[in-house]
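Here the structure comes first, spelled out in structure tokens, and everything after it is commentary.
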Amino acid sequence: AGDALMYSTYLGGSGQDVTGGIALDAEGSAYVTGVTESGNFPTASAYQPTFQGDHYDAFVSKLTPAGNALVYSTYLGGNGNDNGTGIAVDGTGSAYVTGATTSANFPIQSPYQAAFQGAADAFVAKFTLDGSSLAWSTYLGGSMEDRAYAITLEGAGAAYVTGSTTSTNFPTQSAYQATNQGTQDAFVTKLTPTGNVLVYSTYLGGSGNDWSTGIALDATGSAYLIGSTDSTNFPTQSPYLATLQGFQDVFVAKLKLAVTARPEPKAA
């Protein structure tokens, strides 16, 4: 009825702790990710039990369905700054986390991209069921700044991530838009269930600044994106609104299951 709390809890240490995303499994356990500056953030059955970073690390925590105990809780990061911004859970209860890192030694396992590339790279990581190790983990980025903000999964375990990039060499594959069109473009990337191969990866944007903050899938595997843009030539197709209305607008976009190349964009 919404008129009472089933549970509510603090989760943090003596520094600043900020959440980035939440997901649930079939039993009602909550999985949360975010960023922590605390050297005493609560850990349990941790993959990484101690703070690793410069100013902050990502964290990943699983609470019991009652919310009064940790199943596991771990730092995730290297010697730079690491931020967890999105989390999803597959049908077995394994957590997938995405975000951004400035760490050249971010923990990597069976990756698509093994080496840190730029000022900041996106990362995608899958934990084992008990949270004590990584099934796989990879950087995702080019030579500038790349940040992932959201992640979703399809039934077989393929991970779809979205975010923003200022890199002109962000990794692309079977791309709708193969090149960066502006100062900052959104990106959408689908990884295979093993995390070491791109199914597709594409820029999405115009001549201004574009970034994507949310992603969802339909039953066919087509990806739906939401974000923000100040580009007057953001790619539109069968739109509700065909032109930019203000200094910055929301965008909503649907990508086909099989991504097809975009025609060369017109100048702004």
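Identifiers in the structure tokens: chain A, B, ... in order shown; residue index from 1 per chain; ligand index from 1 in order shown.
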
Neighbours of Ser61 (chain A) within 7 Å (only C-alpha atoms; same-chain residues fewer than 5 positions away dropped), as a list in words?
-> Tyr31, Val32, Thr33, Tyr72, Ser73 and Thr74 of chain A

Just the residues within 7 Å of Ala178 (chain A), please, counting only C-alpha atoms, with nothing from its chain fewer than 3 positions along; format it as a VMD selection string.
-> chain A and resid 172 175 202 to 203

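Of the residues listed (A:Gly86, A:Gly157, A:Gly227, A:Pro239), A:Gly227 shows the shortest atom-to-atom separation from Ala186 (chain A); distances use only C-alpha atoms.
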
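Closest to Gly214 (chain A) among A:Gly93, A:Gly163, A:Gly246, A:Gly12 is A:Gly163, based on only C-alpha atoms.
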
Point-to-point distance in Å for CA of Ala158 (chain A) and CA of Ala253 (chain A) =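 These atoms are spaced 19.9 Å apart.
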
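Distances here use only C-alpha atoms; by that measure, the residue among A:Ala150, A:Val35, A:Val71, A:Leu255 closest to Gly131 (chain A) is A:Val71.
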
Nearby residues (only C-alpha atoms) at most 12 Å from Ala156 (chain A), same-chain spacing under 2 positions excluded, as a PDB file with N, CA and C atoms, in the first residue's frame:
ATOM      1  N   VAL A  89      21.232  -8.068 -12.840  1.00  0.00           N
ATOM      2  CA  VAL A  89      21.379  -9.429 -12.306  1.00  0.00           C
ATOM      3  C   VAL A  89      20.762 -10.408 -13.294  1.00  0.00           C
ATOM      4  N   ASP A  90      21.504 -11.491 -13.605  1.00  0.00           N
ATOM      5  CA  ASP A  90      20.954 -12.485 -14.528  1.00  0.00           C
ATOM      6  C   ASP A  90      20.091 -13.504 -13.786  1.00  0.00           C
ATOM      7  N   GLY A  91      19.566 -14.474 -14.503  1.00  0.00           N
ATOM      8  CA  GLY A  91      18.644 -15.441 -13.915  1.00  0.00           C
ATOM      9  C   GLY A  91      19.258 -16.349 -12.881  1.00  0.00           C
ATOM     10  N   THR A  92      20.579 -16.458 -12.860  1.00  0.00           N
ATOM     11  CA  THR A  92      21.250 -17.294 -11.852  1.00  0.00           C
ATOM     12  C   THR A  92      21.574 -16.518 -10.588  1.00  0.00           C
ATOM     13  N   THR A 152      21.985  -3.407 -19.002  1.00  0.00           N
ATOM     14  CA  THR A 152      20.875  -4.343 -18.957  1.00  0.00           C
ATOM     15  C   THR A 152      21.318  -5.639 -19.608  1.00  0.00           C
ATOM     16  N   LEU A 153      20.565  -6.698 -19.391  1.00  0.00           N
ATOM     17  CA  LEU A 153      20.942  -8.036 -19.850  1.00  0.00           C
ATOM     18  C   LEU A 153      19.826  -8.643 -20.660  1.00  0.00           C
ATOM     19  N   GLU A 154      20.196  -9.501 -21.614  1.00  0.00           N
ATOM     20  CA  GLU A 154      19.208 -10.369 -22.240  1.00  0.00           C
ATOM     21  C   GLU A 154      19.321 -11.751 -21.614  1.00  0.00           C
ATOM     22  N   ALA A 158      24.029 -11.839 -22.457  1.00  0.00           N
ATOM     23  CA  ALA A 158      24.703 -10.752 -23.166  1.00  0.00           C
ATOM     24  C   ALA A 158      24.416  -9.438 -22.445  1.00  0.00           C
ATOM     25  N   ALA A 159      25.449  -8.611 -22.304  1.00  0.00           N
ATOM     26  CA  ALA A 159      25.330  -7.345 -21.579  1.00  0.00           C
ATOM     27  C   ALA A 159      25.280  -6.181 -22.560  1.00  0.00           C
ATOM     28  N   TYR A 160      24.318  -5.294 -22.361  1.00  0.00           N
ATOM     29  CA  TYR A 160      24.195  -4.068 -23.131  1.00  0.00           C
ATOM     30  C   TYR A 160      24.545  -2.915 -22.195  1.00  0.00           C
ATOM     31  N   LEU A 191      27.913  -6.766 -25.506  1.00  0.00           N
ATOM     32  CA  LEU A 191      28.964  -7.771 -25.340  1.00  0.00           C
ATOM     33  C   LEU A 191      28.354  -9.164 -25.282  1.00  0.00           C
ATOM     34  N   THR A 192      29.087 -10.141 -25.775  1.00  0.00           N
ATOM     35  CA  THR A 192      28.660 -11.533 -25.670  1.00  0.00           C
ATOM     36  C   THR A 192      28.615 -11.953 -24.205  1.00  0.00           C
ATOM     37  N   PRO A 193      27.947 -13.065 -23.882  1.00  0.00           N
ATOM     38  CA  PRO A 193      27.870 -13.514 -22.487  1.00  0.00           C
ATOM     39  C   PRO A 193      29.224 -13.764 -21.830  1.00  0.00           C
ATOM     40  N   THR A 194      30.261 -14.032 -22.618  1.00  0.00           N
ATOM     41  CA  THR A 194      31.598 -14.235 -22.052  1.00  0.00           C
ATOM     42  C   THR A 194      32.344 -12.929 -21.837  1.00  0.00           C
ATOM     43  N   GLY A 221      15.154  -8.295 -28.162  1.00  0.00           N
ATOM     44  CA  GLY A 221      16.542  -7.893 -27.991  1.00  0.00           C
ATOM     45  C   GLY A 221      16.865  -6.536 -28.565  1.00  0.00           C
TER      46      GLY A 221
END

Residue contacts of Lys126 (chain A) (6 Å, only C-alpha atoms) excluding same-chain residues fewer than 4 positions away, as number ranges by chain | A: 95-96, 134-136

Would you export the selected residues with N, CA, C and O atoms as a compact mmCIF listing (two decimals), in the first residue's frame, please?
# COMPACT_ATOMS: atom_id res chain seq x y z
N ALA A 95 25.78 -10.87 -10.63
CA ALA A 95 25.67 -9.42 -10.81
C ALA A 95 26.63 -8.94 -11.88
O ALA A 95 27.79 -9.36 -11.94
N TYR A 96 26.12 -8.03 -12.73
CA TYR A 96 26.92 -7.36 -13.75
C TYR A 96 26.96 -5.88 -13.39
O TYR A 96 25.91 -5.27 -13.17
N LEU A 134 35.57 -12.53 -9.96
CA LEU A 134 35.04 -12.02 -11.20
C LEU A 134 34.97 -13.14 -12.23
O LEU A 134 35.95 -13.85 -12.46
N ALA A 135 33.82 -13.31 -12.86
CA ALA A 135 33.71 -14.24 -13.99
C ALA A 135 34.41 -13.63 -15.20
O ALA A 135 35.11 -14.33 -15.93
N TRP A 136 34.20 -12.33 -15.42
CA TRP A 136 34.95 -11.58 -16.42
C TRP A 136 34.85 -10.10 -16.11
O TRP A 136 33.95 -9.66 -15.40

Contacts of Gly77 (chain A) at 12 Å (only C-alpha atoms; same-chain gap of 2+ positions) as number ranges by chain | A: 34-37, 47-60, 74-75, 79-84, 97-108, 123-125, 137, 139

Where in region 25-163 of chain A does DSSP assign strand (DSSP E), given as an NGL selection string?
-> :A and (30-36 or 57-63 or 70-76 or 82-89 or 95-101 or 121-127 or 134-140 or 146-153 or 159-163)

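As for CA of Ala115 (chain A) and CA of Gly205 (chain A), they are spaced 26.1 Å apart.
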
Between A:Gln177, A:Asn209, A:Thr85, A:Thr9, single out the one closest to Ser164 (chain A), counting only C-alpha atoms.
->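 Selected residue with least distance to Ser164 (chain A): A:Asn209.
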
Pick from A:Phe170, A:Phe234, A:Phe187, A:Tyr224, whichever lies nearest to Gly206 (chain A) using only C-alpha atoms |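 Closest to Gly206 (chain A), using only C-alpha atoms: A:Phe234.
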